[in-house]
>>> print(open('data_14.cif').read())   # mmCIF, C-alpha atoms and all ligand atoms
data_start
loop_
_atom_site.label_atom_id
_atom_site.label_comp_id
_atom_site.auth_asym_id
_atom_site.auth_seq_id
_atom_site.Cartn_x
_atom_site.Cartn_y
_atom_site.Cartn_z
CA MET A 1 0.00 0.00 0.00
CA ARG A 2 1.10 3.55 -0.70
CA THR A 3 -0.11 6.97 0.39
CA GLN A 4 1.27 10.48 0.83
CA VAL A 5 0.57 10.77 4.57
CA GLY A 6 0.25 7.72 6.83
CA ILE A 7 -1.74 8.77 9.91
CA ILE A 8 -1.69 6.65 13.06
CA GLY A 9 -4.77 7.15 15.25
CA ALA A 10 -8.41 8.04 14.51
CA GLY A 11 -9.01 10.49 17.34
CA PRO A 12 -9.78 14.16 16.66
CA ALA A 13 -6.14 14.85 15.63
CA GLY A 14 -5.76 12.05 13.09
CA LEU A 15 -9.23 12.36 11.56
CA LEU A 16 -9.12 16.15 11.23
CA LEU A 17 -5.63 16.01 9.73
CA SER A 18 -6.86 13.53 7.13
CA HIS A 19 -9.82 15.82 6.32
CA LEU A 20 -7.67 18.98 6.05
CA LEU A 21 -5.16 17.20 3.80
CA HIS A 22 -7.98 15.94 1.59
CA LEU A 23 -9.23 19.54 1.15
CA ARG A 24 -5.74 20.39 -0.12
CA GLY A 25 -5.68 17.45 -2.51
CA ILE A 26 -3.33 15.29 -0.41
CA ASP A 27 -3.98 11.59 0.01
CA SER A 28 -3.79 9.89 3.43
CA VAL A 29 -4.60 6.59 5.16
CA VAL A 30 -5.72 6.53 8.81
CA LEU A 31 -4.80 3.45 10.90
CA GLU A 32 -6.72 2.92 14.15
CA GLU A 33 -6.31 0.10 16.62
CA ARG A 34 -9.83 0.20 18.11
CA GLU A 35 -13.15 -0.75 16.55
CA GLU A 36 -15.10 2.00 14.83
CA GLN A 37 -18.03 1.70 17.26
CA TYR A 38 -15.70 2.16 20.22
CA VAL A 39 -14.11 5.27 18.70
CA ARG A 40 -17.50 6.78 17.88
CA ARG A 41 -18.80 6.28 21.43
CA ARG A 42 -15.78 7.15 23.57
CA VAL A 43 -16.93 9.89 25.97
CA ARG A 44 -14.29 12.54 26.53
CA ALA A 45 -13.98 16.25 26.02
CA GLY A 46 -16.93 18.57 25.72
CA VAL A 47 -15.79 22.15 25.24
CA LEU A 48 -14.84 23.66 21.87
CA GLU A 49 -12.97 26.96 21.92
CA SER A 50 -14.44 29.59 19.60
CA THR A 51 -11.27 29.11 17.52
CA THR A 52 -12.00 25.37 17.15
CA ALA A 53 -15.69 25.90 16.34
CA ASP A 54 -14.77 28.52 13.70
CA LEU A 55 -12.23 26.19 12.11
CA LEU A 56 -14.70 23.28 11.99
CA ARG A 57 -17.24 25.55 10.25
CA GLU A 58 -14.64 26.81 7.79
CA VAL A 59 -13.76 23.26 6.70
CA GLY A 60 -17.37 22.15 6.23
CA LEU A 61 -17.86 20.38 9.57
CA GLY A 62 -20.08 22.91 11.33
CA ALA A 63 -23.63 21.96 10.33
CA ARG A 64 -24.56 19.49 13.09
CA MET A 65 -22.40 21.35 15.63
CA ASP A 66 -24.39 24.54 14.93
CA ARG A 67 -27.70 22.67 15.25
CA GLU A 68 -26.96 20.58 18.33
CA GLY A 69 -24.03 22.31 20.08
CA LEU A 70 -24.78 24.57 23.06
CA VAL A 71 -23.28 28.05 22.89
CA HIS A 72 -22.09 29.24 26.31
CA LYS A 73 -21.28 32.88 26.98
CA GLY A 74 -19.30 32.28 30.17
CA ILE A 75 -18.64 29.99 33.14
CA SER A 76 -19.31 30.24 36.86
CA LEU A 77 -16.68 29.86 39.55
CA HIS A 78 -18.36 28.65 42.75
CA PHE A 79 -16.51 29.29 46.03
CA ASP A 80 -17.17 30.86 49.44
CA GLY A 81 -20.66 29.34 48.99
CA GLU A 82 -21.49 31.66 46.07
CA ASP A 83 -21.49 31.74 42.27
CA HIS A 84 -19.20 34.19 40.49
CA TYR A 85 -19.90 34.55 36.78
CA VAL A 86 -17.07 35.09 34.29
CA ASP A 87 -18.76 36.64 31.27
CA PHE A 88 -16.64 35.71 28.24
CA GLU A 89 -18.84 37.53 25.80
CA ARG A 90 -18.61 40.80 27.70
CA LEU A 91 -14.90 40.44 28.52
CA VAL A 92 -13.48 39.20 25.21
CA GLY A 93 -16.44 39.19 22.80
CA ARG A 94 -16.29 35.46 22.17
CA THR A 95 -18.08 32.30 23.32
CA ILE A 96 -17.46 28.53 23.63
CA THR A 97 -19.50 25.64 22.24
CA VAL A 98 -20.38 22.55 24.27
CA TYR A 99 -20.40 19.69 21.75
CA GLY A 100 -19.05 16.27 22.73
CA GLN A 101 -15.73 15.12 21.33
CA GLN A 102 -17.42 11.92 20.14
CA GLU A 103 -19.82 14.05 18.07
CA VAL A 104 -16.84 15.78 16.42
CA VAL A 105 -15.31 12.35 15.81
CA LYS A 106 -18.56 11.02 14.28
CA ASP A 107 -18.82 14.07 11.98
CA LEU A 108 -15.20 13.55 10.90
CA ILE A 109 -15.56 9.81 10.22
CA ASP A 110 -18.72 10.49 8.21
CA ALA A 111 -17.00 13.25 6.19
CA ARG A 112 -13.99 11.04 5.45
CA ARG A 113 -16.31 8.21 4.34
CA ARG A 114 -18.28 10.53 2.02
CA ALA A 115 -14.97 11.54 0.40
CA HIS A 116 -13.96 7.84 0.08
CA GLY A 117 -11.10 8.39 2.54
CA GLN A 118 -9.28 5.29 3.73
CA LEU A 119 -9.91 4.57 7.43
CA LEU A 120 -8.65 1.21 8.65
CA PHE A 121 -9.96 0.20 12.06
CA GLU A 122 -8.85 -2.70 14.28
CA VAL A 123 -5.23 -2.68 13.11
CA ARG A 124 -2.61 -4.21 15.43
CA ASP A 125 1.19 -4.26 15.82
CA THR A 126 1.62 -0.78 14.29
CA ALA A 127 5.33 0.08 13.88
CA VAL A 128 7.04 3.03 12.18
CA HIS A 129 10.25 2.56 10.15
CA GLU A 130 12.87 4.73 8.43
CA THR A 131 11.56 8.07 9.60
CA GLY A 132 14.92 9.62 8.69
CA SER A 133 14.40 8.79 4.99
CA ASP A 134 11.94 10.38 2.54
CA ARG A 135 10.04 7.06 2.26
CA PRO A 136 9.04 6.19 5.84
CA ARG A 137 6.93 3.03 6.24
CA ILE A 138 4.31 1.80 8.67
CA THR A 139 3.88 -1.92 9.20
CA PHE A 140 0.76 -3.32 10.86
CA THR A 141 -1.58 -6.30 11.02
CA ASP A 142 -4.98 -5.53 9.48
CA ALA A 143 -8.42 -6.46 10.86
CA GLU A 144 -8.30 -9.79 8.98
CA GLY A 145 -4.97 -10.65 10.59
CA ARG A 146 -2.84 -10.06 7.46
CA PRO A 147 0.54 -8.34 7.77
CA GLN A 148 0.61 -5.06 5.80
CA GLU A 149 3.06 -2.36 4.87
CA LEU A 150 2.12 1.25 4.11
CA VAL A 151 4.80 3.24 2.25
CA CYS A 152 4.40 6.99 2.83
CA GLU A 153 6.05 10.32 2.18
CA VAL A 154 5.29 11.45 5.73
CA VAL A 155 4.01 9.76 8.91
CA ALA A 156 1.76 11.65 11.35
CA GLY A 157 1.69 10.22 14.88
CA CYS A 158 -1.80 11.07 16.17
CA ASP A 159 -2.13 7.99 18.37
CA GLY A 160 -2.70 9.60 21.75
CA PHE A 161 -0.66 9.39 24.93
CA HIS A 162 -0.23 5.59 24.91
CA GLY A 163 0.47 5.23 21.18
CA VAL A 164 3.62 4.02 19.43
CA SER A 165 4.62 7.19 17.57
CA ARG A 166 6.26 9.13 20.37
CA LYS A 167 8.19 5.99 21.35
CA SER A 168 9.46 5.74 17.74
CA LEU A 169 11.35 9.03 17.98
CA PRO A 170 15.01 8.66 19.02
CA GLN A 171 14.60 8.89 22.80
CA ASN A 172 17.99 10.57 23.30
CA GLU A 173 16.80 13.50 21.13
CA LEU A 174 13.55 13.91 23.05
CA THR A 175 13.07 16.16 26.07
CA VAL A 176 10.11 15.19 28.23
CA TYR A 177 8.42 17.52 30.74
CA ASP A 178 6.15 15.62 33.10
CA HIS A 179 4.07 16.67 36.11
CA THR A 180 1.52 14.59 37.98
CA TYR A 181 -1.10 15.87 40.41
CA PRO A 182 -2.09 14.33 43.74
CA PHE A 183 -5.72 13.91 42.62
CA ALA A 184 -7.88 12.48 39.84
CA TRP A 185 -11.31 13.17 38.30
CA LEU A 186 -14.27 10.86 38.65
CA GLY A 187 -16.63 11.65 35.76
CA ILE A 188 -20.24 10.59 35.18
CA LEU A 189 -22.71 11.03 32.37
CA ALA A 190 -26.29 11.13 33.69
CA LYS A 191 -29.65 11.05 31.99
CA ALA A 192 -30.87 14.21 33.70
CA ALA A 193 -31.87 17.54 32.22
CA PRO A 194 -29.26 20.17 33.17
CA VAL A 195 -30.55 22.59 35.81
CA ARG A 196 -27.98 25.18 34.75
CA ASP A 197 -27.38 26.70 31.32
CA GLU A 198 -23.60 26.90 31.65
CA LEU A 199 -20.61 25.21 33.32
CA VAL A 200 -19.90 25.58 37.04
CA TYR A 201 -16.36 25.04 38.38
CA ALA A 202 -16.63 24.59 42.16
CA ASN A 203 -13.90 24.93 44.75
CA HIS A 204 -15.13 23.23 47.92
CA GLU A 205 -13.24 22.25 51.07
CA ARG A 206 -14.03 18.58 50.26
CA GLY A 207 -12.57 18.99 46.78
CA PHE A 208 -13.26 20.30 43.29
CA ALA A 209 -16.44 19.54 41.35
CA LEU A 210 -17.54 20.47 37.84
CA TYR A 211 -21.04 20.81 36.47
CA SER A 212 -21.21 20.32 32.70
CA MET A 213 -23.63 18.94 30.13
CA ARG A 214 -23.88 17.38 26.70
CA SER A 215 -27.42 18.17 25.59
CA PRO A 216 -30.78 19.37 27.00
CA GLU A 217 -31.25 15.81 28.38
CA ILE A 218 -27.73 14.83 29.51
CA THR A 219 -25.64 16.16 32.39
CA ARG A 220 -21.87 15.59 32.69
CA LEU A 221 -20.41 15.85 36.20
CA TYR A 222 -16.95 15.50 37.69
CA LEU A 223 -15.58 15.13 41.23
CA GLN A 224 -12.03 15.46 42.48
CA VAL A 225 -11.03 12.11 44.04
CA ASP A 226 -7.87 10.51 45.34
CA PRO A 227 -5.81 9.04 42.44
CA GLU A 228 -5.59 5.69 44.26
CA GLU A 229 -9.37 5.27 44.43
CA ARG A 230 -11.14 2.74 42.21
CA ILE A 231 -14.52 3.25 40.60
CA GLU A 232 -15.94 0.28 42.59
CA GLN A 233 -15.51 2.40 45.73
CA TRP A 234 -17.97 4.90 44.27
CA PRO A 235 -21.52 3.52 44.08
CA ASP A 236 -23.95 5.99 42.47
CA GLU A 237 -25.43 7.09 45.85
CA ARG A 238 -21.98 8.11 47.10
CA ILE A 239 -21.29 10.07 43.91
CA TRP A 240 -24.60 11.97 44.10
CA SER A 241 -24.19 12.72 47.78
CA GLU A 242 -20.73 14.17 47.19
CA LEU A 243 -21.92 16.17 44.15
CA HIS A 244 -24.81 17.65 46.20
CA THR A 245 -22.33 18.71 48.87
CA ARG A 246 -19.89 20.40 46.50
CA LEU A 247 -22.16 21.92 43.82
CA PRO A 248 -24.88 24.56 44.22
CA ALA A 249 -27.79 22.76 42.48
CA LEU A 250 -28.29 19.46 40.75
CA ALA A 251 -30.87 17.09 39.26
CA GLU A 252 -30.22 13.36 39.55
CA GLY A 253 -30.85 10.76 36.87
CA PRO A 254 -29.68 7.30 35.78
CA VAL A 255 -25.89 7.12 35.47
CA LEU A 256 -25.06 6.16 31.86
CA GLU A 257 -21.28 6.04 32.22
CA LYS A 258 -18.65 6.52 34.89
CA GLY A 259 -14.87 6.42 35.15
CA ILE A 260 -11.79 7.81 36.91
CA THR A 261 -9.09 9.71 35.01
CA ALA A 262 -5.64 10.53 36.38
CA MET A 263 -4.43 14.09 35.90
CA ARG A 264 -1.09 15.01 34.42
CA SER A 265 0.76 17.67 32.49
CA PHE A 266 3.16 16.32 29.89
CA VAL A 267 5.09 17.76 26.93
CA ALA A 268 7.51 15.96 24.60
CA SER A 269 9.82 18.11 22.49
CA PRO A 270 10.51 18.32 19.57
CA LEU A 271 7.38 17.18 17.74
CA ARG A 272 9.31 15.98 14.71
CA HIS A 273 12.05 13.60 13.71
CA GLY A 274 12.78 13.54 9.97
CA ARG A 275 9.47 12.64 8.35
CA LEU A 276 7.63 11.62 11.53
CA PHE A 277 5.46 14.34 13.14
CA LEU A 278 3.58 14.18 16.44
CA ALA A 279 0.26 15.92 17.04
CA GLY A 280 -2.31 16.02 19.87
CA ASP A 281 -2.15 13.81 22.96
CA ALA A 282 0.70 11.79 21.39
CA ALA A 283 2.90 14.79 22.17
CA HIS A 284 1.27 16.55 25.10
CA ILE A 285 -1.28 16.14 27.89
CA VAL A 286 -3.01 18.80 29.97
CA PRO A 287 -5.19 18.29 33.04
CA PRO A 288 -8.84 18.69 31.94
CA THR A 289 -9.57 21.73 34.14
CA GLY A 290 -8.87 24.20 31.33
CA ALA A 291 -10.78 22.15 28.68
CA LYS A 292 -7.81 22.42 26.34
CA GLY A 293 -6.83 18.87 25.24
CA MET A 294 -8.95 18.44 22.12
CA ASN A 295 -8.52 22.10 21.17
CA LEU A 296 -4.75 21.71 21.22
CA ALA A 297 -5.01 18.61 19.03
CA VAL A 298 -7.05 20.65 16.53
CA ALA A 299 -4.56 23.55 16.58
CA ASP A 300 -1.62 21.16 16.02
CA VAL A 301 -3.12 19.55 12.93
CA TRP A 302 -4.25 22.89 11.52
CA LEU A 303 -0.56 23.91 11.52
CA LEU A 304 0.64 20.50 10.37
CA ALA A 305 -1.75 20.38 7.39
CA SER A 306 -0.34 23.68 6.04
CA ALA A 307 3.23 22.56 6.68
CA LEU A 308 2.71 19.22 4.92
CA SER A 309 0.97 20.76 1.93
CA GLU A 310 3.91 23.18 1.48
CA LEU A 311 6.28 20.22 1.63
CA LEU A 312 4.34 17.77 -0.52
CA LEU A 313 2.85 20.14 -3.10
CA HIS A 314 5.55 22.82 -3.35
CA ASN A 315 8.66 21.05 -2.08
CA ASN A 316 9.05 23.84 0.48
CA SER A 317 10.22 22.63 3.89
CA ALA A 318 10.14 25.97 5.79
CA LEU A 319 6.88 25.22 7.62
CA VAL A 320 7.71 21.62 8.51
CA GLU A 321 10.93 22.92 9.99
CA SER A 322 9.13 25.47 12.16
CA TYR A 323 6.16 23.17 12.99
CA SER A 324 7.48 21.94 16.33
CA ASP A 325 8.49 25.35 17.70
CA THR A 326 5.31 27.05 16.54
CA ALA A 327 3.00 24.32 17.86
CA LEU A 328 4.84 24.15 21.20
CA ARG A 329 4.29 27.86 21.89
CA ARG A 330 0.53 27.28 21.96
CA VAL A 331 1.03 24.02 23.88
CA TRP A 332 2.98 25.79 26.64
CA ARG A 333 0.39 28.59 26.84
CA ALA A 334 -2.30 25.92 27.35
CA GLU A 335 -0.10 23.98 29.80
CA HIS A 336 0.27 27.09 31.92
CA PHE A 337 -3.43 27.95 31.78
CA SER A 338 -4.51 24.38 32.63
CA TRP A 339 -2.06 24.20 35.52
CA THR A 340 -3.28 27.59 36.84
CA MET A 341 -6.95 26.55 36.68
CA THR A 342 -6.12 23.19 38.29
CA SER A 343 -4.14 24.81 41.12
CA MET A 344 -6.76 27.46 41.76
CA LEU A 345 -9.75 25.10 41.87
CA HIS A 346 -8.68 21.82 43.52
CA ARG A 347 -8.29 20.94 47.16
CA GLN A 348 -4.54 20.57 47.54
CA PRO A 349 -3.86 17.61 49.86
CA GLY A 350 -1.46 18.73 52.58
CA ALA A 351 -1.90 22.45 51.84
CA THR A 352 -1.01 24.66 54.80
CA PRO A 353 -3.61 27.21 56.04
CA PHE A 354 -1.37 29.86 54.42
CA GLU A 355 -1.57 28.12 51.03
CA ARG A 356 -5.36 27.74 51.33
CA GLN A 357 -5.70 31.50 51.95
CA LEU A 358 -3.55 32.21 48.87
CA GLN A 359 -5.87 30.02 46.80
CA LEU A 360 -8.95 31.85 48.04
CA ALA A 361 -7.27 35.20 47.37
CA GLN A 362 -6.62 34.11 43.77
CA LEU A 363 -10.24 32.98 43.31
CA ARG A 364 -11.62 36.23 44.75
CA TYR A 365 -9.29 38.32 42.59
CA THR A 366 -10.27 36.38 39.43
CA ALA A 367 -13.96 36.87 40.22
CA SER A 368 -13.77 40.57 41.09
CA SER A 369 -11.08 42.10 38.87
CA THR A 370 -11.82 42.79 35.21
CA ALA A 371 -8.12 42.36 34.39
CA ALA A 372 -7.90 38.92 36.02
CA ALA A 373 -11.25 37.74 34.63
CA THR A 374 -10.28 38.91 31.13
CA SER A 375 -7.12 36.84 31.27
CA LEU A 376 -9.12 33.74 32.23
CA ALA A 377 -11.69 34.46 29.51
CA GLU A 378 -9.09 35.05 26.80
CA ASN A 379 -7.36 31.76 27.56
CA TYR A 380 -10.57 29.77 27.99
CA VAL A 381 -12.18 30.80 24.68
CA GLY A 382 -8.82 30.15 22.99
CA MET A 383 -6.14 32.40 21.55
CA PRO A 384 -6.53 32.99 17.79
CA LEU A 385 -4.75 30.34 15.70
CA THR A 386 -2.51 33.00 14.18
CA SER A 387 -1.62 34.66 17.51
CA PRO A 388 2.18 34.76 18.05
CA LEU A 389 1.71 33.61 21.69
P1 LIG B 401 -6.95 10.47 21.11
O1 LIG B 401 -8.34 10.98 21.13
O2 LIG B 401 -6.45 9.75 22.30
O3 LIG B 401 -6.84 9.55 19.82
C1 LIG B 401 -5.73 8.70 19.60
C2 LIG B 401 -6.22 7.51 18.80
O4 LIG B 401 -5.10 6.67 18.48
C3 LIG B 401 -5.48 5.32 18.69
N1 LIG B 401 -4.24 4.53 18.88
C4 LIG B 401 -3.67 3.78 17.92
N2 LIG B 401 -4.03 3.53 16.66
C5 LIG B 401 -3.23 2.71 15.92
N3 LIG B 401 -2.10 2.12 16.42
C6 LIG B 401 -1.71 2.36 17.68
N4 LIG B 401 -0.60 1.81 18.18
C7 LIG B 401 -2.51 3.22 18.49
N5 LIG B 401 -2.42 3.65 19.78
C8 LIG B 401 -3.47 4.45 19.99
C9 LIG B 401 -6.41 5.38 19.88
O5 LIG B 401 -7.25 4.24 19.94
C10 LIG B 401 -7.18 6.65 19.58
O6 LIG B 401 -8.33 6.40 18.80
O7 LIG B 401 -5.89 11.64 20.82
P2 LIG B 401 -6.03 13.01 19.98
O8 LIG B 401 -6.65 12.74 18.63
O9 LIG B 401 -4.73 13.66 20.08
O10 LIG B 401 -7.13 13.87 20.74
C11 LIG B 401 -6.87 14.35 22.04
C12 LIG B 401 -8.16 14.40 22.87
O11 LIG B 401 -8.81 13.15 22.79
C13 LIG B 401 -7.91 14.77 24.33
O12 LIG B 401 -6.94 15.78 24.43
C14 LIG B 401 -9.19 15.28 25.03
O13 LIG B 401 -10.16 14.26 25.14
C15 LIG B 401 -8.86 15.81 26.41
N6 LIG B 401 -10.03 16.26 27.16
C16 LIG B 401 -10.63 17.49 26.91
N7 LIG B 401 -10.19 18.27 25.90
C17 LIG B 401 -10.83 19.43 25.58
O14 LIG B 401 -10.40 20.11 24.64
N8 LIG B 401 -11.94 19.88 26.28
C18 LIG B 401 -12.44 19.15 27.31
O15 LIG B 401 -13.47 19.56 27.85
C19 LIG B 401 -11.77 17.93 27.69
N9 LIG B 401 -12.25 17.18 28.68
C20 LIG B 401 -10.58 15.45 28.15
C21 LIG B 401 -11.68 15.94 28.92
C22 LIG B 401 -10.08 14.16 28.40
C23 LIG B 401 -10.64 13.38 29.39
N10 LIG B 401 -10.11 12.07 29.54
C24 LIG B 401 -10.92 10.92 29.61
C25 LIG B 401 -8.71 11.84 29.26
C26 LIG B 401 -12.24 15.17 29.91
C27 LIG B 401 -11.71 13.91 30.17
C28 LIG B 401 -12.32 13.13 31.30
C1 LIG B 402 -16.79 18.21 29.91
O1 LIG B 402 -17.92 18.66 29.67
O2 LIG B 402 -16.50 17.01 29.74
C2 LIG B 402 -15.73 19.12 30.41
C3 LIG B 402 -15.99 20.48 30.49
C4 LIG B 402 -14.99 21.34 30.98
C5 LIG B 402 -13.78 20.82 31.38
C6 LIG B 402 -13.53 19.47 31.29
C7 LIG B 402 -14.51 18.60 30.80
O3 LIG B 402 -12.84 21.66 31.86
#
>>> encode(input="data_14.cif", output="structure tokens", more="lines below")
Ligand code: RFL
Ligand code: PHB
Amino acid sequence: MRTQVGIIGAGPAGLLLSHLLHLRGIDSVVLEEREEQYVRRRVRAGVLESTTADLLREVGLGARMDREGLVHKGISLHFDGEDHYVDFERLVGRTITVYGQQEVVKDLIDARRRAHGQLLFEVRDTAVHETGSDRPRITFTDAEGRPQELVCEVVAGCDGFHGVSRKSLPQNELTVYDHTYPFAWLGILAKAAPVRDELVYANHERGFALYSMRSPEITRLYLQVDPEERIEQWPDERIWSELHTRLPALAEGPVLEKGITAMRSFVASPLRHGRLFLAGDAAHIVPPTGAKGMNLAVADVWLLASALSELLLHNNSALVESYSDTALRRVWRAEHFSWTMTSMLHRQPGATPFERQLQLAQLRYTASSTAAATSLAENYVGMPLTSPL
């Protein structure tokens, strides 16, 4: 098999890259280890920056998002027993869209299928070879168990944090920045009509909680828990009781899904070796508090698609050479924002009374100062894709 760009991973990064390349007349093949149904149903992110929503519209993927997505004009910070509204529209003139990541993924798979794009699900044993040459190859076992080889001009590693791509870069040339947090998020999806129109980020002495939603019928809720805890320790009654304690108002309903996610900040640098490029969670992870993960994946592949089209259509390597540095500037901005939101909102195990007062001072300042609230708003709705950062 041959293609111009071999893409490993059918998450938002890999699928959107394939779509953007197709719009520029570049051929790609997407290799995904999971089944299609699993990929379409995986519940993850929910918040699209205005930058991401605009880009999806521009590339013909906005129709269902504009019908079903929920436009939010701000978020509430809940602390000291009160709500404090951060009005994005007033502060920075932009909004966010709540539209599940799996909906974006479904729209992308459907668009690639309509354009007869090649998406191969249930592949195993993916391995990348000869990334230093101008004919890198990917070997894999296909869904029927046959060994295959895909000869490419470029390989894009979009296979998430646990994928093979990052591990295929020469490890002695890679710098890794890693930070773990002493807490995790327990998330549930409940069949309950949201009682609030917009997200609520709550700082409570028992720990952080987040009120979010997916549709007029479905609520999405998160609780800060200990990273050692297992989901079996959290029967539904315990989850609801804790949510009622930490959040201002809530309607219960059948729990459709639940899980615990560890929190970490992680950056690998550089994002390129020869003709292998990393994008999205394969290269970097943020804690979910800033709602940045999927948006960063989108921003990476927006840059990468331009860089690859310059290389493959015009034999110009300037943009592939600057890809890593340019993408990492946005990544570090988002790393800092996500870390700040995480630090400001979570209960810090072992915090001294002094540190707790500093946290409250930061929350009160963010809620009451236009300068501080504007900074939060600007970061949350997303910096423009062309911003120098
Ligand atoms: P993905 O989505 O992990 O996709 C990678 C794909 O690669 C496949 N794969 C392989 N395929 C072939 N061969 C291999 N060897 C492979 N190894 C892996 C995987 O099966 C998968 O299909 O990475 P991508 O595309 O970079 O997208 C990143 C986002 O998924 C991620 O950043 C977000 O979900 C993070 N995130 C959030 N981001 C936001 O922008 N806003 C949010 O509100 C938000 N909330 C969240 C989140 C992530 C969460 N969890 C569960 C980690 C909330 C949560 C709870
Ligand atoms: C979500 O709705 O899943 C969500 C919203 C905001 C976040 C993280 C997750 O910061």
>>> residues_around(input="data_14.cif", residues="Gly187 in chain A", least_positions_apart="2", cutoff="6 Å", atoms="only C-alpha atoms", output="PyMOL selection string")
chain A and resi 221-222+258-259
>>> residues_near_ligand(input="data_14.cif", ligand="ligand LIG 401 (chain B)", cutoff="6 Å", atoms="only C-alpha atoms and all ligand atoms", output="ChimeraX atom specification")
/A:8-14,31-34,39,44-47,126,158-160,162-164,261,280-282,288,291-295,297
>>> closest_residue(input="data_14.cif", among="A:Leu319, A:Ala305, A:Val331, A:Ala299", to="Val267 in chain A", atoms="all atoms listed in the file")
A:Val331
>>> closest_atom_pairs(input="data_14.cif", of="range 216-301 of chain A", to="range 82-90 of chain A", cutoff="12 Å", atoms="all atoms listed in the file", output="tab-separated table")
residue	atom	partner	partner_atom	distance
A:Arg246	CA	A:Glu82	CA	11.4
A:Leu247	CA	A:Asp83	CA	10.0
A:Pro248	CA	A:Glu82	CA	8.1
A:Ala249	CA	A:Asp83	CA	11.0
>>> closest_atom_pairs(input="data_14.cif", of="chain A", to="ligand LIG 402 (chain B)", cutoff="10 Å", atoms="all atoms listed in the file", output="Markdown table")
| residue | atom | partner | partner_atom | distance |
| --- | --- | --- | --- | --- |
| A:Val43 | CA | B:LIG402 | O2 | 8.1 |
| A:Arg44 | CA | B:LIG402 | O2 | 5.9 |
| A:Ala45 | CA | B:LIG402 | O2 | 4.6 |
| A:Gly46 | CA | B:LIG402 | O1 | 4.1 |
| A:Val47 | CA | B:LIG402 | C3 | 5.5 |
| A:Leu48 | CA | B:LIG402 | C3 | 9.3 |
| A:Ile75 | CA | B:LIG402 | C4 | 9.6 |
| A:Val98 | CA | B:LIG402 | O1 | 7.1 |
| A:Tyr99 | CA | B:LIG402 | O1 | 8.4 |
| A:Gly100 | CA | B:LIG402 | O1 | 7.4 |
| A:Gln101 | CA | B:LIG402 | O2 | 8.7 |
| A:Trp185 | CA | B:LIG402 | C6 | 9.7 |
| A:Gly187 | CA | B:LIG402 | O2 | 8.1 |
| A:Ile188 | CA | B:LIG402 | O2 | 9.2 |
| A:Leu189 | CA | B:LIG402 | O2 | 9.0 |
| A:Leu199 | CA | B:LIG402 | C3 | 7.2 |
| A:Val200 | CA | B:LIG402 | C4 | 8.9 |
| A:Tyr201 | CA | B:LIG402 | O3 | 8.1 |
| A:Leu210 | CA | B:LIG402 | C4 | 7.4 |
| A:Tyr211 | CA | B:LIG402 | O1 | 7.8 |
| A:Ser212 | CA | B:LIG402 | O1 | 4.8 |
| A:Met213 | CA | B:LIG402 | O1 | 5.7 |
| A:Arg214 | CA | B:LIG402 | O1 | 6.8 |
| A:Thr219 | CA | B:LIG402 | O1 | 8.6 |
| A:Arg220 | CA | B:LIG402 | O1 | 5.8 |
| A:Leu221 | CA | B:LIG402 | O1 | 7.5 |
| A:Tyr222 | CA | B:LIG402 | C7 | 7.9 |
| A:Pro287 | CA | B:LIG402 | O3 | 8.4 |
| A:Pro288 | CA | B:LIG402 | C6 | 4.8 |
| A:Thr289 | CA | B:LIG402 | O3 | 4.0 |
| A:Gly290 | CA | B:LIG402 | O3 | 4.7 |
| A:Ala291 | CA | B:LIG402 | O3 | 3.8 |
| A:Lys292 | CA | B:LIG402 | O3 | 7.5 |
| A:Gly293 | CA | B:LIG402 | C6 | 9.0 |
| A:Ser338 | CA | B:LIG402 | O3 | 8.8 |
| A:Met341 | CA | B:LIG402 | O3 | 9.0 |
| A:Thr342 | CA | B:LIG402 | O3 | 9.4 |
| A:Tyr380 | CA | B:LIG402 | O3 | 9.3 |
>>> residues_near_point(input="data_14.cif", point="(-15.5, 20.3, 45.3)", cutoff="9 Å", atoms="all atoms listed in the file", output="VMD selection string")
chain A and resid 201 to 210 223 to 224 242 to 243 245 to 247 345 to 347
>>> atom_distance(input="data_14.cif", atom1="CA of His19 in chain A", atom2="CA of His72 in chain A")
27.0 Å
>>> closest_residue(input="data_14.cif", among="A:Leu276, A:Met263, A:Ala184, A:Ala127", to="Val154 in chain A", atoms="only C-alpha atoms")
A:Leu276
>>> closest_residue(input="data_14.cif", among="A:Arg2, A:Arg40, A:Arg135, A:Arg67", to="Gly274 in chain A", atoms="only C-alpha atoms")
A:Arg135
>>> residues_near_point(input="data_14.cif", point="(5.5, 23.6, 15.8)", cutoff="9 Å", atoms="all atoms listed in the file", output="PyMOL selection string")
chain A and resi 270-272+300+303-304+319-330
>>> atom_distance(input="data_14.cif", atom1="CA of Ala143 in chain A", atom2="CA of Val123 in chain A")
5.4 Å
